[in-house]
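Data first, discussion second: the structure below is written as structure tokens.
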4 protein chains.
Amino acid sequence: MSDINKVVLAYSGGLDTSVILKWLQDTYQCEVVTFTADLGQGEELEPARQKALQFGIKPENIFIDDLREEFVRDFVFPMFRANTVYEGEYLLGTSIARPLIAKRQIEIANLTGADAVSHGATGKGNDQVRFELGYYGLKPDVKVIAPWREWDLLSREKLLAYAEKNGIPVDMKHKNGGAPYSMDANLLHISFEGRHLENPSAEAEESMWRWSVSPEAAPDAPEYLDVEFERGDIVALNGVRLKAHEVLAKLNELGGKHGIGRLDLVENRYVGMKSRGCYETPGGTIILKAHRAIESITLDREVAHLKDDLMPRYASMIYNGYWWAPERKALQTLIDYTQQSVNGWVRLKLYKGNVIVVSRDSKTNSLFDMNIATFDDDGGAYNQADAGGFIKLNALRMRIAGRMNK
Amino acid sequence: MSDINKVVLAYSGGLDTSVILKWLQDTYQCEVVTFTADLGQGEELEPARQKALQFGIKPENIFIDDLREEFVRDFVFPMFRANTVYEGEYLLGTSIARPLIAKRQIEIANLTGADAVSHGATGKGNDQVRFELGYYGLKPDVKVIAPWREWDLLSREKLLAYAEKNGIPVDMKHKNGGAPYSMDANLLHISFEGRHLENPSAEAEESMWRWSVSPEAAPDAPEYLDVEFERGDIVALNGVRLKAHEVLAKLNELGGKHGIGRLDLVENRYVGMKSRGCYETPGGTIILKAHRAIESITLDREVAHLKDDLMPRYASMIYNGYWWAPERKALQTLIDYTQQSVNGWVRLKLYKGNVIVVSRDSKTNSLFDMNIATFDDDGGAYNQADAGGFIKLNALRMRIAGRMNK
Amino acid sequence: MSDINKVVLAYSGGLDTSVILKWLQDTYQCEVVTFTADLGQGEELEPARQKALQFGIKPENIFIDDLREEFVRDFVFPMFRANTVYEGEYLLGTSIARPLIAKRQIEIANLTGADAVSHGATGKGNDQVRFELGYYGLKPDVKVIAPWREWDLLSREKLLAYAEKNGIPVDMKHKNGGAPYSMDANLLHISFEGRHLENPSAEAEESMWRWSVSPEAAPDAPEYLDVEFERGDIVALNGVRLKAHEVLAKLNELGGKHGIGRLDLVENRYVGMKSRGCYETPGGTIILKAHRAIESITLDREVAHLKDDLMPRYASMIYNGYWWAPERKALQTLIDYTQQSVNGWVRLKLYKGNVIVVSRDSKTNSLFDMNIATFDDDGGAYNQADAGGFIKLNALRMRIAGRMNK
Amino acid sequence: MSDINKVVLAYSGGLDTSVILKWLQDTYQCEVVTFTADLGQGEELEPARQKALQFGIKPENIFIDDLREEFVRDFVFPMFRANTVYEGEYLLGTSIARPLIAKRQIEIANLTGADAVSHGATGKGNDQVRFELGYYGLKPDVKVIAPWREWDLLSREKLLAYAEKNGIPVDMKHKNGGAPYSMDANLLHISFEGRHLENPSAEAEESMWRWSVSPEAAPDAPEYLDVEFERGDIVALNGVRLKAHEVLAKLNELGGKHGIGRLDLVENRYVGMKSRGCYETPGGTIILKAHRAIESITLDREVAHLKDDLMPRYASMIYNGYWWAPERKALQTLIDYTQQSVNGWVRLKLYKGNVIVVSRDSKTNSLFDMNIATFDDDGGAYNQADAGGFIKLNALRMRIAGRMNK
């Protein structure tokens with residue numbers, strides 16, 4: 001195990017990754033570089049710096065980066081261009097953050113001359129796969145240390161004992177409260193797993209949710225929201241131009257206020273098991289609805305259907321951790337190409353868990369032709385007789401089959 | 001035009017199909033058989049009989065059938081087994097009724113020796129295609145009369161004039177109110193098109209909706225609902241076993257009460273134009289959500305993904321009118337095969353427009369293995385070290401590429 | 001019919017399009033612009049000019065263009081980048097030429113201020129669709145005249161009579177020989193339909209084939225051929241750099257000499273019927289085989305599979321005439337993106353109908369790693385133990401299912 | 001390692017599996033059950049029994065089964081119903097045999113009360129995956145021993161030394177000849193990997209091929225062959241009804257004689273690397289060509305296209321070892337459903353590597369309608385004017401886009 005010189009650890013500053021930090025130092029006798037990212041999870045990052053220093057990490061080996069804008073602009077928005085949903089429900093909030101963390105870790109490894117990277121994901125979940133496929137895809141010969149697959153601290157008790165033995169501060173809630181939910185948060189969502197969610201027939205506790213009020217507790221008055229799109233991405237809310245991460249932050253605020261974006265589901269992990277998760281994705285839920293609406297008037301039918309047919313596959317790529325794989329990039333070129341015409345606005349009504357599309361239009365790219373769609377006289381814009389031939393030829397193969405099989 | 005002897009008309013008893021009835025008699029000088037179906041549209045059917053008699057239709061040529069059970073059991077439920085949604089939103093309420101009407105019309109044509117069939121769908125819409133692909137698929141040499149594509153009554157005014165001239169009663173609302181919405185209703189939904197909906201940037205009027213209250217007007221207290229599935233179909237609600245159409249009727253009642261299932265969208269018609277439609281599908285919205293939830297614990301991951309990948313194509317088949325085509329039937333065999341294991345129950349919470357899954361389970365077919373999914377010690381049920389090899393081999397192609405491209 | 005001012009006719013100079021030329025002049029009383037393209041069909045084009053002049057076409061209204069390079073570079077090669085085959089067999093030789101002809105016709109219409117275009121394709125075939133979808137896609141309001149769908153010259157006899165009456169020269173073979181094969185030729189292929197091919201249980205006559213010898217008549221000695229690719233396109237043969245159309249011409253010569261590329265099949269037309277066709281595609285057959293071989297060592301597995309999954313859809317788009325549709329263009333961006341790495345060479349052996357790949361390599365983009373693939377000791381490049389975990393997790397869902405269903 | 005009581009070994013009687021047999025006895029101190037299958041590989045099986053007895057295997061623990069008919073009837077034929085080809089070239093000869101071996105091994109394990117199974121596939125290849133996914137799918141808790149992933153005999157030299165030390169007879173060819181090709185044979189094919197094939201730019205040696213003559217050495221006279229299909233499977237050759245395995249044996253004989261079915265390619269393994277393989281699949285090559293031909297006149301267009309779209313996915317399932325997975329079974333129901341109408345005959349011409357379809361017909365299920373396809377007067381069977389409307393509506397979305405984007 002002495003063949004590791006320097007390792008870049010994805011470090012949150014929390015209990016688990018602090019234990020990992022110490023364990024890496026002890027086990028590999030190697031230099032540790034900590035990397036802490038602000039992805040909008042809503043936590044202070046400076047405490048992570050202090051903790052790292054306490055573990056003896058050199059100041060130049062402590063990286064704390066605000067990645068919020070890059071996260072939304074280059075990861076979240078490109079994903080929503082495809083109306084991406086995994087297994088009909090899940091908006092991929094955790095999945096889409098991992099490739100960015102992996103990319104930045106590898107950049108830091110290159111910068112600091114590290115030969116290894118490490119993360120705090122367990123051996124049962126998807127995140128280990130997402131991190132490591134990113135690492136290997138971006139730096140094929142990097143060494144990967146996945147402590148949860150290697151050490152003997154698998155139970156909560158052992159982990160706490162190790163922490164105490166090594167002077168790693170443990171919150172009261174960890175000490176007393178039994179196993180906490182396993183949570184992950186970033187600007188797109190917060191997720192909950194474990195604890196009594198492990199029983200899919202048990203209803204989630206109201207107290208678990210963090211970012212959104214319940215629909216019941218949401219305001220009694222609906223709120224209208226105007227959303228403006230350029231090339232498939234939201235660029236303005238209620239007429240105010242915003243940067244990508246500002247858009248999402250604002251939508252989270254609005255969505256959370258109106259009880260929007262809670263989800264309780266059982267999903268199929270890439271590693272082969274079913275798992276139950278609860279998610280709050282207020283802003284993402286609004287984006288999805290609005291994006292479909294703007295596409296509905298600006299996208300050609302067959303292009304839209306091609307995208308719909310490919311979406312589940314694209315979603316699986318992201319869910320399974322293949323963001324940096326060539327097939328995801330190839331598919332993205334297609335998706336991005338289609339978004340050139342996706343410009344216009346959508347008006348939404350937010351009310352107690354509902355995101356309701358009430359109108360939509362595009363000055364520059366509408367494909368909605370009132371003259372043709374009308375039930376009134378269209379002045380010859382559409383020749384109804386054409387439909388006869390259209391149907392006849394579309395039916396021809398069935399008619400021939402019917403006749404010849406008699 | 002004298003080559004038609006007897007025509008079976010899909011006859012609602014309303015103004016348009018009454019005009020068609022008369023027009024057929026005048027134009028083709030042929031015997032007319034009327035067929036009126038109860039698909040749960042919520043209208044009296046006996047008036048249709050009276051009107052038909054007034055037009056001189058022989059009693060033995062008047063067919064009035066209650067098709068509600070067949071409709072839900074053999075059309076709606078099979079469609080929902082695939083979690084079918086067109087263009088991400090539309091639940092295909094109109095599309096799925098047309099093939100049954102076409103089938104019954106052809107049966108009646110065979111029964112009565114008719115050589116032609118006729119319908120009241122316009123030349124701009126999807127329904128003409130759905131009817132006629134059904135006709136041709138089931139009786140290849142049948143003659144099809146589509147009055148809207150043939151006659152010169154294209155404007156509302158001409159139609160009303162024709163009606164008046166021929167003593168066809170016209171409601172006051174038709175006379176005074178300007179063009180009404182174009183509506184279609186059956187047990188699965190009611191749809192609205194036309195009128196000021198033709199402008200996609202105009203919000204729908206609250207007064208338009210028929211089956212559901214608005215979320216705002218729905219009860220302040222949520223309601224729980226237990227749904228039981230057998231082979232992918234709902235067989236019981238709150239512990240009470242029901243027939244297929246009873247299930248849907250009950251879900252419509254509950255959904256409508258809680259403001260569930262309203263939809264406002266722009267869709268791509270098969271005939272090539274975009275059109276704006278509003279839909280109320282209270283029961284269907286509940287079925288979709290519940291069906292995904294029961295599948296989430298009873299369906300294998302890859303089977304579920306295969307279904308998801310094929311769903312948009314299956315939805316297009318139905319939307320475009322290919323229910324009776326061999327490719328739809330082939331796909332249905334696959335879908336139905338997968339539903340053998342889809343048995344169990346789902347608990348839902350209905351509240352002001354929301355259908356919230358709160359728990360789900362299957363006594364006989366759950367694939368959710370708590371021992372493996374747990375964050376606690378799993379007693380060796382899952383070997384975390386396996387994940388290392390899993391990731392390594394999944395990354396191998398990317399690692400080789402990275403190395404060789406250096 | 002007086003609303004046509006000027007029409008651009010796709011004019012081959014042959015009997016059929018000459019009759020059309022005259023018929024257009026008589027029927028529409030309009031100015032006719034003739035457009036004759038050299039797509040490598042192997043016919044003199046100057047006679048077409050002479051004939052056009054004889055019909056009174058103004059010299060400035062006669063367009064004769066050599067489109068061979070554009071045809072292969074911008075249509076044939078892009079298509080082969082996807083390994084495109086329709087229904088498992090057909091290499092789309094006719095389909096891929098139509099969009100170019102349509103495009104050039106529209107360019108000429110714009111140049112000459114013409115308001116209409118016309119072609120000589122029948123009302124039963126695919127070509128009318130391919131032409132007209134191109135016309136409408138590129139110039140939405142253009143008027144289209146499809147004489148075969150309009151006139152009363154549907155039988156061969158009537159057509160010949162019309163020609164004779166109007167002084168249009170008819171070859172002896174047309175007069176005496178009965179109906180000829182319907183043929184279409186360009187640099188990619190020559191096709192045969194009709195005549196006794198209309199019976200799919202009749203073997204094609206050896207005398208029908210034009211471009212290739214039979215395998216039996218081909219040389220007894222095989223010939224090796226080195227093919228070099230850049231970004232998925234062939235750029236050199238046996239070390240000699242060639243332009244796109246020169247590549248294809250040379251491959252046709254070699255393929256034809258060795259009896260390569262004959263095909264006899266029944267295909268499904270877009271207009272709904274099955275039809276039997278025979279094709280000679282010597283060069284295309286070689287390209288397909290070579291392209292798959294170079295991709296086999298330069299393309300990532302998942303990218304290759306994504307392409308394979310989408311290929312039939314892409315083939316149908318081209319077959320059905322949607323080259324200029326947005327969904328084809330979107331798919332092309334994906335296909336072209338993948339070809340960046342498709343550089344290298346393939347060695348083939350041509351022998352009596354066979355195209356045999358004997359070796360392949362890429363100096364710059366090979367993904368074939370001998371160190372890993374070897375059966376010998378790989379020095380640790382691949383850790384066989386990884387496979388255990390890989391299999392275990394891939395099997396997990398089936399093992400859980402097996403256990404829980406007991 | 002003492003926790004194995006009885007293991008069922010897939011035993012060929014050759015050097016490698018004999019070493020494994022001994023190694024299992026030594027390493028696990030367990031009872032070994034040998035299973036040797038006749039899949040048409042063309043080797044004597046009785047020597048395997050003798051060898052097993054020499055290793056002290058009890059007679060009741062020696063299983064030698066003739067699985068040829070089951071293999072072709074229940075595995076090869078169902079696969080060909082989908083026109084299955086992996087990566088455009090490979091006919092899956094090895095892949096399709098593994099699931100049957102795995103199934104029989106598990107049956108024997110259940111019969112003999114064995115708790116483990118073992119195979120001789122290496123840790124780098126696909127076969128280990130195919131075997132083990134089969135084992136786990138059919139008996140979730142079975143223990144799997146994969147000696148090549150466990151032992152230290154990875155190099156050829158060590159293996160030979162182990163053999164000699166333990167008195168396992170080693171052929172002269174093994175001793176002198178350096179590493180042999182890695183070969184696998186069954187009724188569908190024989191494969192070659194390794195040795196100088198490891199260099200993809202080296203041409204395969206003529207002496208390597210076993211089952212087929214080279215095209216050059218094949219007879220100078222072509223041979224016609226009549227093939228009869230029922231429900232997608234071949235049931236008779238030249239009018240003689242045969243069982244499934246007899247059909248394939250006969251086709252192998254004919255194909256081999258005419259130099260048909262050699263293949264040299266680089267494929268993408270499931271475990272992540274590219275590998276070069278050569279294959280002889282004489283009969284399979286003929287089946288594929290004939291099956292496509294019979295489908296061309298008996299299968300509906302959209303059904304055929306649906307199959308084509310799904311085929312690469314189905315091929316990957318088989319290649320990757322998922323024959324016993326629920327998604328493969330689901331897809332098979334669809335494939336099998338479509339084959340109900342695939343009845344009729346195809347006439348082929350075999351000549352020096354070529355399989356040429358010359359005619360095809362179906363008395364009962366032809367969808368080829370000469371009256372409609374004809375270039376002659378069709379007596380109104382097809383109304384050419386219909387095509388105008390068909391094209392107009394198919395072009396509508398593009399025309400609207402063109403107009404609105406101006």
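Residue names in the structure tokens use chain letters A, B, ... in the order shown, residue numbers from 1 in each chain, and ligand numbers from 1 in the order shown.
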
Would you mind listing, for every residue of chain D within 7 Å of chain B, the two atoms forming the shortest contact and the distance between them in Å to one decimal, using only C-alpha atoms, sorted by chain and ascending residue number, as a tab-separated table?
residue	atom	partner	partner_atom	distance
D:Val271	CA	B:Leu393	CA	5.6
D:Gly272	CA	B:Arg397	CA	5.0
D:Met273	CA	B:Arg397	CA	6.0
D:Glu302	CA	B:Glu327	CA	5.9
D:Val303	CA	B:Glu327	CA	4.8
D:Pro326	CA	B:Val303	CA	6.5
D:Glu327	CA	B:Val303	CA	4.8
D:Ala330	CA	B:Leu334	CA	5.5
D:Leu331	CA	B:Leu334	CA	6.3
D:Thr333	CA	B:Leu334	CA	5.9
D:Leu334	CA	B:Leu334	CA	5.3
D:Tyr337	CA	B:Ala330	CA	6.3
D:Thr338	CA	B:Ala330	CA	6.5
D:Leu393	CA	B:Val271	CA	5.6
D:Asn394	CA	B:Gly272	CA	6.5
D:Leu396	CA	B:Gly272	CA	5.1
D:Arg397	CA	B:Gly272	CA	5.0

Write a file of the just-selected residues containing all heavy atoms, as a compact mmCIF listing (two decimals), in the first residue's frame.
# COMPACT_ATOMS: atom_id res chain seq x y z
N VAL D 271 -16.32 -7.41 -21.56
CA VAL D 271 -15.42 -7.03 -20.47
C VAL D 271 -14.57 -5.82 -20.81
O VAL D 271 -13.73 -5.41 -20.01
CB VAL D 271 -14.53 -8.22 -20.03
CG1 VAL D 271 -15.37 -9.26 -19.34
CG2 VAL D 271 -13.77 -8.80 -21.21
N GLY D 272 -14.74 -5.23 -21.98
CA GLY D 272 -14.17 -3.91 -22.20
C GLY D 272 -13.03 -3.77 -23.18
O GLY D 272 -12.60 -2.66 -23.46
N MET D 273 -12.56 -4.87 -23.75
CA MET D 273 -11.44 -4.74 -24.69
C MET D 273 -11.88 -5.15 -26.08
O MET D 273 -12.88 -5.82 -26.26
CB MET D 273 -10.30 -5.65 -24.24
CG MET D 273 -10.58 -7.11 -24.52
SD MET D 273 -9.62 -8.27 -23.53
CE MET D 273 -10.07 -7.82 -21.88
N GLU D 302 -43.68 -2.53 -41.06
CA GLU D 302 -43.41 -1.93 -39.76
C GLU D 302 -42.97 -2.97 -38.73
O GLU D 302 -42.19 -2.67 -37.84
CB GLU D 302 -44.62 -1.14 -39.27
CG GLU D 302 -44.93 0.08 -40.12
CD GLU D 302 -43.76 1.05 -40.24
OE1 GLU D 302 -43.17 1.38 -39.20
OE2 GLU D 302 -43.42 1.45 -41.37
N VAL D 303 -43.48 -4.17 -38.87
CA VAL D 303 -43.02 -5.24 -38.00
C VAL D 303 -41.56 -5.54 -38.29
O VAL D 303 -40.73 -5.69 -37.38
CB VAL D 303 -43.90 -6.50 -38.18
CG1 VAL D 303 -43.30 -7.68 -37.44
CG2 VAL D 303 -45.32 -6.22 -37.70
N PRO D 326 -34.60 -11.74 -17.91
CA PRO D 326 -36.00 -11.49 -18.26
C PRO D 326 -36.16 -10.58 -19.49
O PRO D 326 -37.15 -10.70 -20.21
CB PRO D 326 -36.58 -10.84 -17.00
CG PRO D 326 -35.41 -10.38 -16.20
CD PRO D 326 -34.27 -11.29 -16.55
N GLU D 327 -35.23 -9.67 -19.71
CA GLU D 327 -35.38 -8.79 -20.86
C GLU D 327 -35.21 -9.54 -22.17
O GLU D 327 -35.85 -9.22 -23.16
CB GLU D 327 -34.41 -7.60 -20.77
CG GLU D 327 -32.93 -7.92 -20.86
CD GLU D 327 -32.31 -8.26 -19.51
OE1 GLU D 327 -33.06 -8.62 -18.58
OE2 GLU D 327 -31.07 -8.18 -19.40
N ALA D 330 -38.46 -11.40 -22.70
CA ALA D 330 -39.52 -10.49 -23.12
C ALA D 330 -39.39 -10.16 -24.60
O ALA D 330 -40.37 -10.18 -25.36
CB ALA D 330 -39.48 -9.20 -22.28
N LEU D 331 -38.17 -9.88 -25.02
CA LEU D 331 -37.95 -9.56 -26.42
C LEU D 331 -38.25 -10.76 -27.31
O LEU D 331 -38.77 -10.64 -28.42
CB LEU D 331 -36.48 -9.12 -26.59
CG LEU D 331 -36.15 -8.08 -27.63
CD1 LEU D 331 -37.21 -7.01 -27.76
CD2 LEU D 331 -34.79 -7.44 -27.32
N THR D 333 -40.52 -12.99 -26.87
CA THR D 333 -41.97 -13.15 -27.10
C THR D 333 -42.40 -12.31 -28.30
O THR D 333 -43.21 -12.75 -29.10
CB THR D 333 -42.81 -12.70 -25.89
OG1 THR D 333 -42.58 -11.31 -25.64
CG2 THR D 333 -42.50 -13.50 -24.65
N LEU D 334 -41.83 -11.12 -28.39
CA LEU D 334 -42.15 -10.26 -29.53
C LEU D 334 -41.65 -10.89 -30.83
O LEU D 334 -42.38 -10.98 -31.82
CB LEU D 334 -41.52 -8.88 -29.32
CG LEU D 334 -41.80 -7.80 -30.35
CD1 LEU D 334 -41.59 -6.42 -29.72
CD2 LEU D 334 -40.94 -7.89 -31.60
N TYR D 337 -43.62 -13.94 -31.82
CA TYR D 337 -44.96 -13.56 -32.28
C TYR D 337 -44.95 -13.18 -33.75
O TYR D 337 -45.85 -13.52 -34.51
CB TYR D 337 -45.47 -12.40 -31.43
CG TYR D 337 -46.78 -11.82 -31.91
CD1 TYR D 337 -48.00 -12.38 -31.53
CD2 TYR D 337 -46.80 -10.72 -32.77
CE1 TYR D 337 -49.19 -11.87 -31.97
CE2 TYR D 337 -47.99 -10.20 -33.24
CZ TYR D 337 -49.19 -10.77 -32.84
OH TYR D 337 -50.37 -10.25 -33.29
N THR D 338 -43.90 -12.46 -34.14
CA THR D 338 -43.85 -11.99 -35.54
C THR D 338 -43.63 -13.11 -36.54
O THR D 338 -43.86 -12.92 -37.74
CB THR D 338 -42.69 -10.98 -35.74
OG1 THR D 338 -41.43 -11.65 -35.58
CG2 THR D 338 -42.78 -9.83 -34.77
N LEU D 393 -49.08 15.85 -46.83
CA LEU D 393 -49.19 15.85 -45.37
C LEU D 393 -47.88 15.45 -44.69
O LEU D 393 -47.52 15.97 -43.65
CB LEU D 393 -50.34 14.96 -44.91
CG LEU D 393 -51.74 15.48 -45.27
CD1 LEU D 393 -52.77 14.94 -44.30
CD2 LEU D 393 -51.80 17.00 -45.31
N ASN D 394 -47.15 14.55 -45.33
CA ASN D 394 -45.84 14.23 -44.75
C ASN D 394 -44.89 15.42 -44.82
O ASN D 394 -43.96 15.54 -44.01
CB ASN D 394 -45.23 13.02 -45.45
CG ASN D 394 -45.79 11.70 -44.91
OD1 ASN D 394 -45.96 11.54 -43.71
ND2 ASN D 394 -46.11 10.79 -45.81
N LEU D 396 -45.93 18.52 -44.57
CA LEU D 396 -46.55 19.71 -43.98
C LEU D 396 -45.70 20.37 -42.90
O LEU D 396 -45.49 21.59 -42.89
CB LEU D 396 -47.94 19.36 -43.41
CG LEU D 396 -48.75 20.55 -42.90
CD1 LEU D 396 -48.93 21.62 -43.96
CD2 LEU D 396 -50.12 20.09 -42.39
N ARG D 397 -45.18 19.57 -41.98
CA ARG D 397 -44.38 20.17 -40.90
C ARG D 397 -43.16 20.91 -41.43
O ARG D 397 -42.76 21.95 -40.89
CB ARG D 397 -43.98 19.10 -39.87
CG ARG D 397 -43.08 18.03 -40.45
CD ARG D 397 -42.84 16.87 -39.48
NE ARG D 397 -42.21 15.77 -40.16
CZ ARG D 397 -40.89 15.55 -40.22
NH1 ARG D 397 -40.05 16.35 -39.60
NH2 ARG D 397 -40.41 14.52 -40.88

### Query
Leaving out stretch 115-122 of chain D and any residue of its chain fewer than 2 positions from it, which residues lie within 6 Å of it when counting only C-alpha atoms, given as a ChimeraX atom specification?
/D:6-10,17,124-125,127-128,142-146,148

#### Entry: Atomic distance atom CA of A:Leu92 - atom CA of B:Asp369, expressed in Å with one decimal
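Distance between the two atoms: 22.6 Å.
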
### Task
Using DSSP on the backbone coordinates, identify the residues of stretch 285-372 of chain A assigned to strand (DSSP E or B); present them as a count of residues only.
16

#### Entry: Residues near A:Thr112, cut-off 12 Å, only C-alpha atoms, skip fewer than 6 positions along chain, as a PyMOL selection string
chain A and resi 5-8+31-35+58+60-63+105-106

### Summary
From the list A:Gly194, A:Leu242, A:Ala315, A:Leu237, the nearest residue to A:Arg276 using only C-alpha atoms is A:Gly194

### Message
Could you tell me how far atom CA of D:Ile101 sits from atom CA of D:Val247, in Å to one decimal place?
### Response
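Separating atom CA of D:Val247 from atom CA of D:Ile101 is a distance of 21.1 Å.
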